[in-house]
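Peer 1: My structure file structure35.cif, mmCIF, C-alpha atoms, is below:
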```
data_run
loop_
_atom_site.label_atom_id
_atom_site.label_comp_id
_atom_site.auth_asym_id
_atom_site.auth_seq_id
_atom_site.Cartn_x
_atom_site.Cartn_y
_atom_site.Cartn_z
CA MET A 1 45.04 2.33 29.84
CA ARG A 2 45.68 5.99 30.62
CA PRO A 3 42.84 7.92 32.25
CA GLN A 4 41.13 10.46 30.07
CA PRO A 5 42.44 14.00 30.50
CA ILE A 6 40.37 16.51 32.43
CA VAL A 7 39.29 19.53 30.42
CA ILE A 8 38.67 22.82 32.25
CA VAL A 9 36.58 25.49 30.56
CA GLU A 10 36.24 29.01 31.96
CA ALA A 11 32.64 30.25 31.75
CA PRO A 12 31.96 33.90 30.84
CA PRO A 13 30.81 36.35 33.57
CA ARG A 14 27.32 36.56 32.18
CA LEU A 15 25.32 33.54 31.03
CA ASP A 16 22.30 35.23 29.51
CA ALA A 17 20.36 34.71 26.28
CA THR A 18 23.21 36.20 24.26
CA ALA A 19 26.22 34.36 25.68
CA SER A 20 24.70 31.06 26.82
CA PRO A 21 23.94 29.51 23.41
CA ILE A 22 27.48 30.31 22.23
CA PHE A 23 29.04 28.93 25.40
CA GLY A 24 26.79 25.85 25.33
CA SER A 25 27.59 25.05 21.69
CA PHE A 26 31.30 25.49 22.33
CA VAL A 27 31.31 23.13 25.31
CA ILE A 28 29.12 20.53 23.59
CA GLY A 29 31.57 20.67 20.68
CA LEU A 30 34.35 19.80 23.13
CA VAL A 31 32.32 16.93 24.56
CA GLU A 32 31.67 15.54 21.09
CA ALA A 33 35.37 15.86 20.35
CA GLY A 34 36.18 13.66 23.35
CA ALA A 35 36.25 15.88 26.45
CA HIS A 36 34.32 13.59 28.77
CA ARG A 37 35.83 14.67 32.08
CA LEU A 38 34.79 18.28 32.21
CA ILE A 39 35.19 21.03 34.77
CA LEU A 40 33.36 24.27 34.11
CA ASP A 41 35.10 27.06 35.98
CA PHE A 42 32.24 29.26 37.16
CA SER A 43 34.33 31.53 39.38
CA ALA A 44 33.81 34.49 37.02
CA VAL A 45 30.06 33.91 36.58
CA GLY A 46 28.00 36.54 38.36
CA TYR A 47 24.85 36.24 36.26
CA LEU A 48 23.19 32.93 35.49
CA GLY A 49 19.82 33.16 33.77
CA SER A 50 17.45 30.51 32.46
CA SER A 51 19.35 30.47 29.15
CA GLY A 52 22.47 29.52 31.07
CA ILE A 53 20.50 26.84 32.89
CA ARG A 54 19.31 25.46 29.54
CA SER A 55 22.90 25.37 28.29
CA LEU A 56 24.03 23.54 31.42
CA MET A 57 21.24 20.99 30.97
CA LEU A 58 22.25 20.42 27.34
CA ILE A 59 25.92 20.05 28.29
CA SER A 60 24.98 17.63 31.03
CA LYS A 61 22.79 15.61 28.64
CA SER A 62 25.54 15.48 26.05
CA LEU A 63 28.05 14.28 28.65
CA ALA A 64 25.63 11.65 29.95
CA ALA A 65 25.34 10.25 26.43
CA HIS A 66 29.11 9.68 26.51
CA ASN A 67 29.23 8.43 30.11
CA GLY A 68 31.07 11.62 30.92
CA ARG A 69 31.34 13.57 34.15
CA LEU A 70 30.85 17.22 34.94
CA ALA A 71 31.72 19.50 37.83
CA LEU A 72 31.18 23.20 38.38
CA LEU A 73 34.05 25.01 40.06
CA GLY A 74 33.85 28.10 42.25
CA CYS A 75 30.14 28.95 42.01
CA HIS A 76 29.17 32.24 43.67
CA PRO A 77 26.27 32.08 46.16
CA THR A 78 24.00 33.87 43.65
CA VAL A 79 24.71 31.17 41.06
CA THR A 80 24.16 28.39 43.58
CA GLU A 81 20.83 29.99 44.47
CA VAL A 82 19.73 29.98 40.80
CA LEU A 83 20.76 26.32 40.49
CA ARG A 84 18.76 25.56 43.63
CA ILE A 85 15.64 27.34 42.35
CA CYS A 86 15.89 25.44 39.07
CA GLY A 87 16.30 22.13 40.87
CA LEU A 88 19.85 21.47 39.63
CA ASN A 89 21.74 21.93 42.87
CA GLU A 90 21.71 18.22 43.61
CA ASP A 91 22.25 17.01 40.04
CA LEU A 92 25.31 19.10 39.22
CA LYS A 93 28.42 18.43 41.23
CA GLN A 94 29.99 21.57 42.63
CA ALA A 95 33.42 22.16 44.11
CA GLU A 96 35.04 25.17 45.69
CA VAL A 97 38.63 24.30 44.82
CA ILE A 98 40.20 22.67 41.78
CA GLU A 99 41.44 19.61 43.71
CA ASP A 100 37.88 18.76 44.75
CA ALA A 101 36.57 19.40 41.24
CA ARG A 102 39.14 16.95 39.86
CA GLN A 103 37.92 14.33 42.30
CA CYS A 104 34.36 14.86 41.07
CA VAL A 105 35.21 14.06 37.44
CA MET B 1 11.60 57.64 45.21
CA GLU B 2 9.94 59.11 42.15
CA THR B 3 9.11 56.64 39.44
CA GLN B 4 11.97 56.35 36.99
CA THR B 5 11.02 55.42 33.45
CA PHE B 6 13.36 53.65 31.05
CA THR B 7 12.71 52.82 27.44
CA LEU B 8 14.46 50.13 25.47
CA HIS B 9 13.94 48.35 22.18
CA ASN B 10 13.44 44.68 21.51
CA ARG B 11 17.18 44.05 21.29
CA LEU B 12 18.92 41.73 23.73
CA GLU B 13 22.02 43.94 23.87
CA GLU B 14 19.96 46.71 25.49
CA ILE B 15 19.19 44.63 28.59
CA GLU B 16 22.58 44.75 30.32
CA PRO B 17 23.04 48.57 30.15
CA LEU B 18 19.55 48.99 31.61
CA GLN B 19 20.35 46.53 34.41
CA GLU B 20 23.55 48.47 35.16
CA GLU B 21 21.60 51.71 35.42
CA ILE B 22 19.01 50.19 37.75
CA LYS B 23 21.77 48.53 39.81
CA TYR B 24 23.38 51.92 40.33
CA LEU B 25 20.09 53.46 41.48
CA LEU B 26 19.33 50.61 43.88
CA GLN B 27 22.85 50.67 45.32
CA ALA B 28 22.49 54.40 45.91
CA ARG B 29 19.32 53.62 47.91
CA GLY B 30 21.26 51.16 50.07
CA VAL B 31 19.39 48.09 48.84
CA ARG B 32 21.20 44.90 49.79
CA LEU B 33 23.26 43.30 47.04
CA LYS B 34 21.40 39.99 47.18
CA HIS B 35 18.11 41.82 46.61
CA ILE B 36 19.62 43.83 43.77
CA HIS B 37 20.84 40.64 42.12
CA ALA B 38 17.40 39.04 42.41
CA ILE B 39 15.66 42.11 40.97
CA LEU B 40 18.08 42.44 38.05
CA LEU B 41 17.92 38.74 37.20
CA ALA B 42 14.10 38.70 37.31
CA LEU B 43 13.99 41.81 35.12
CA GLY B 44 16.50 40.29 32.70
CA GLU B 45 14.51 37.08 32.48
CA TRP B 46 11.34 38.97 31.77
CA LEU B 47 12.90 41.23 29.14
CA GLU B 48 14.55 38.26 27.40
CA ASN B 49 11.16 36.59 27.22
CA VAL B 50 9.55 39.68 25.71
CA ILE B 51 12.33 40.22 23.18
CA LEU B 52 12.62 36.59 22.12
CA HIS B 53 8.96 35.56 22.11
CA ALA B 54 6.56 38.51 22.10
CA TYR B 55 6.95 39.65 18.51
CA ASP B 56 6.25 37.94 15.22
CA ASP B 57 8.03 40.56 13.11
CA THR B 58 11.51 42.03 12.95
CA ALA B 59 10.39 45.64 13.47
CA MET B 60 11.71 47.80 16.29
CA HIS B 61 9.35 47.85 19.29
CA GLN B 62 9.47 49.91 22.45
CA ILE B 63 9.50 48.30 25.87
CA VAL B 64 8.90 50.57 28.85
CA VAL B 65 10.24 49.81 32.32
CA ASP B 66 9.08 51.82 35.34
CA LEU B 67 11.06 51.57 38.57
CA SER B 68 9.69 52.83 41.86
CA ALA B 69 10.60 52.18 45.46
CA ASP B 70 9.56 52.93 48.97
CA GLU B 71 11.11 52.00 52.32
CA ASP B 72 10.71 48.28 51.98
CA GLU B 73 9.54 47.56 48.46
CA ILE B 74 11.00 47.77 44.95
CA ARG B 75 8.48 47.75 42.16
CA LEU B 76 9.19 47.19 38.47
CA SER B 77 6.57 47.50 35.78
CA VAL B 78 7.38 46.25 32.29
CA SER B 79 5.10 47.17 29.42
CA ASP B 80 5.32 45.81 25.86
CA ASP B 81 3.18 45.84 22.73
CA GLY B 82 3.78 42.17 21.95
CA THR B 83 1.27 39.36 21.71
CA ASP B 84 -0.98 38.57 24.64
CA PHE B 85 -0.17 35.57 26.81
CA ASP B 86 -1.37 33.70 29.84
CA LEU B 87 1.04 33.78 32.74
CA THR B 88 -0.49 30.60 34.10
CA GLU B 89 0.38 28.63 30.94
CA VAL B 90 3.93 27.53 31.47
CA ALA B 91 5.74 25.55 28.79
CA THR B 92 8.51 23.09 29.36
CA THR B 93 11.90 23.97 27.91
CA ASP B 94 11.61 21.00 25.51
CA GLN B 95 8.53 22.35 23.74
CA PRO B 96 9.16 23.80 20.28
CA ILE B 97 8.37 27.50 20.09
CA GLN B 98 6.88 28.94 16.91
CA PRO B 99 7.74 32.48 15.77
CA GLY B 100 5.38 34.94 17.43
CA GLN B 101 4.18 32.36 19.93
CA ARG B 102 4.40 33.82 23.42
CA ILE B 103 5.66 31.09 25.66
CA ILE B 104 6.77 31.53 29.24
CA THR B 105 9.30 28.76 29.67
CA GLY B 106 9.39 26.80 32.88
CA GLN B 107 12.81 27.75 34.18
CA GLY B 108 12.42 31.44 33.32
CA ILE B 109 9.12 31.92 35.10
CA ARG B 110 10.26 29.70 37.96
CA LEU B 111 13.19 32.04 38.44
CA VAL B 112 11.05 35.18 38.26
CA ARG B 113 8.49 33.82 40.72
CA ASN B 114 11.12 32.65 43.16
CA LEU B 115 13.24 35.79 43.00
CA MET B 116 10.35 38.23 43.36
CA ASP B 117 7.60 38.41 45.98
CA HIS B 118 4.79 39.33 43.63
CA VAL B 119 4.29 38.87 39.87
CA GLU B 120 1.19 40.15 38.14
CA HIS B 121 0.18 40.45 34.48
CA GLN B 122 -2.49 42.59 32.86
CA ARG B 123 -3.46 43.23 29.25
CA ARG B 124 -4.42 46.87 28.85
CA ASP B 125 -4.88 49.02 25.74
CA GLY B 126 -3.18 46.47 23.53
CA ARG B 127 -0.12 46.22 25.75
CA ASN B 128 1.08 43.67 28.27
CA GLN B 129 1.96 45.06 31.64
CA VAL B 130 3.83 42.93 34.14
CA VAL B 131 4.44 44.14 37.66
CA LEU B 132 7.31 42.61 39.64
CA ILE B 133 7.60 43.46 43.33
CA LYS B 134 10.43 42.68 45.75
CA GLN B 135 10.31 43.26 49.48
CA VAL B 136 13.67 44.59 50.56
CA ILE B 137 15.57 45.61 53.65
CA SER B 138 17.97 48.47 53.11
CA GLN B 139 21.48 48.45 54.56
CA THR B 140 21.09 51.92 56.01
#
```
Hey, can you dump this file as structure tokens for me?

Peer 2:
Amino acid sequence: MRPQPIVIVEAPPRLDATASPIFGSFVIGLVEAGAHRLILDFSAVGYLGSSGIRSLMLISKSLAAHNGRLALLGCHPTVTEVLRICGLNEDLKQAEVIEDARQCV
Amino acid sequence: METQTFTLHNRLEEIEPLQEEIKYLLQARGVRLKHIHAILLALGEWLENVILHAYDDTAMHQIVVDLSADEDEIRLSVSDDGTDFDLTEVATTDQPIQPGQRIITGQGIRLVRNLMDHVEHQRRDGRNQVVLIKQVISQT
């Protein structure tokens, strides 16, 4: 049986209350369509607010329901700090380079 | 630094331009980038909360932001005419929110409290006033 393909999604630079619900719905749509090995490329994200955190939690929950796996790629220190404050630093796998992210999923 | 006053409406799209303006002012003062990021994110979180949860109508409301600074402290004061709330009552993100119900969600307030050194709320003359203070070290 062939392994499932890895899907990489580039996150927008700003995950605030305007962009996060749209991004979250889009990614959850992909998960429901079968993308269960998911890398979210966060290298462009400079602003992660609580709306973005909520979207990440929903994406993570959706993936868990499908036994899927998630990794965040290229998080800036400011983003990592927000994840830490919100208690998600340990739960969400993070990788600095694409090869490591692939290993995570 | 003299107090700078900014006025915006209860529209999410007005947050980012305001943050850009404040970022410019703080950079000009030599405030470290990590402090600027913390201040802008805390302000954004607070304004999102006001815009999304403080009003039970669709009318245009004015939100006033005052920015002041001295050597080692940045102070933001945000005033709105939305419903009163209790800063100590923190909801979980799973709780349903009714229109007009002022809820401070867990992650949002956790972020604000962690990013800033002091957060204080007062109800005065029918308006909410929240003061956010950050201790900073300038680069200069």

Peer 1: Which residues would end up in the selection if the PyMOL selection byres ((chain A and resi 32-46) around 7) were applied here, given that I need the answer as a PyMOL selection string?

Peer 2: chain A and resi 5-14+28-31+47-48+63+66+68-76+79+101+105

Peer 1: List every residue of chain B that has an atom at most 8 Å from any atom of chain A, and for each one report the closest atom pair and its distance in Å to one decimal, counting all atoms listed in the file, with rows sorted by chain and then by increasing residue number, as a Markdown table.

Peer 2:
```
| residue | atom | partner | partner_atom | distance |
| --- | --- | --- | --- | --- |
| B:Leu12 | CA | A:Thr18 | CA | 7.0 |
| B:Glu13 | CA | A:Thr18 | CA | 7.8 |
| B:Lys34 | CA | A:Thr78 | CA | 7.5 |
| B:His37 | CA | A:Thr78 | CA | 7.6 |
| B:Leu41 | CA | A:Gly49 | CA | 6.8 |
| B:Gly44 | CA | A:Gly49 | CA | 7.9 |
| B:Glu45 | CA | A:Gly49 | CA | 6.7 |
| B:Glu48 | CA | A:Ala17 | CA | 6.9 |
| B:Thr93 | CA | A:Arg54 | CA | 7.7 |
| B:Gln107 | CA | A:Ser50 | CA | 5.7 |
| B:Gly108 | CA | A:Ser50 | CA | 5.2 |
| B:Arg110 | CA | A:Cys86 | CA | 7.1 |
| B:Leu111 | CA | A:Ile85 | CA | 6.6 |
| B:Asn114 | CA | A:Ile85 | CA | 7.0 |
```

Peer 1: Is there a way to get, as a PyMOL selection string, all residues within 7 Å of the point (18.7, 48.6, 48.7) in file coordinates, counting only C-alpha atoms?

Peer 2: chain B and resi 26-27+29-32+36+136-139

Peer 1: How many Å separate atom CA of A:Ser20 from atom CA of A:Gly52?

Peer 2: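 Straight-line distance from atom CA of A:Ser20 to atom CA of A:Gly52 works out to 5.0 Å.
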
Peer 1: If we count all atoms listed in the file and set the cut-off at 10 Å, which residues sit around B:Ile133, ignoring sequence neighbours fewer than 2 positions away in its own chain? Please answer as a list of chain:residue names.

Peer 2: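 In the requested form, the answer reads B:Ile39, B:Ser68, B:Ala69, B:Glu73, B:Ile74, B:Arg75, B:Leu76, B:Ser77, B:Leu115, B:Met116, B:Asp117, B:His118, B:Val119, B:Glu120, B:Val130, B:Val131, B:Gln135, B:Val136.
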
Peer 1: One decimal, Å: what's the distance from atom CA of B:Gln19 over to atom CA of B:Phe6, could you say?

Peer 2: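 Rounded to one decimal, the two atoms are 10.5 Å apart.
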
Peer 1: To one decimal place, how far is atom CA of B:His61 from atom CA of B:Lys134 in Å?

Peer 2: 27.0 Å

Peer 1: From the list A:Met1, A:Ile22, A:Leu15, A:Leu56, which residue is nearest A:Lys93 when using only C-alpha atoms?

Peer 2: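 With only C-alpha atoms as the atom set, the closest residue is A:Leu56.
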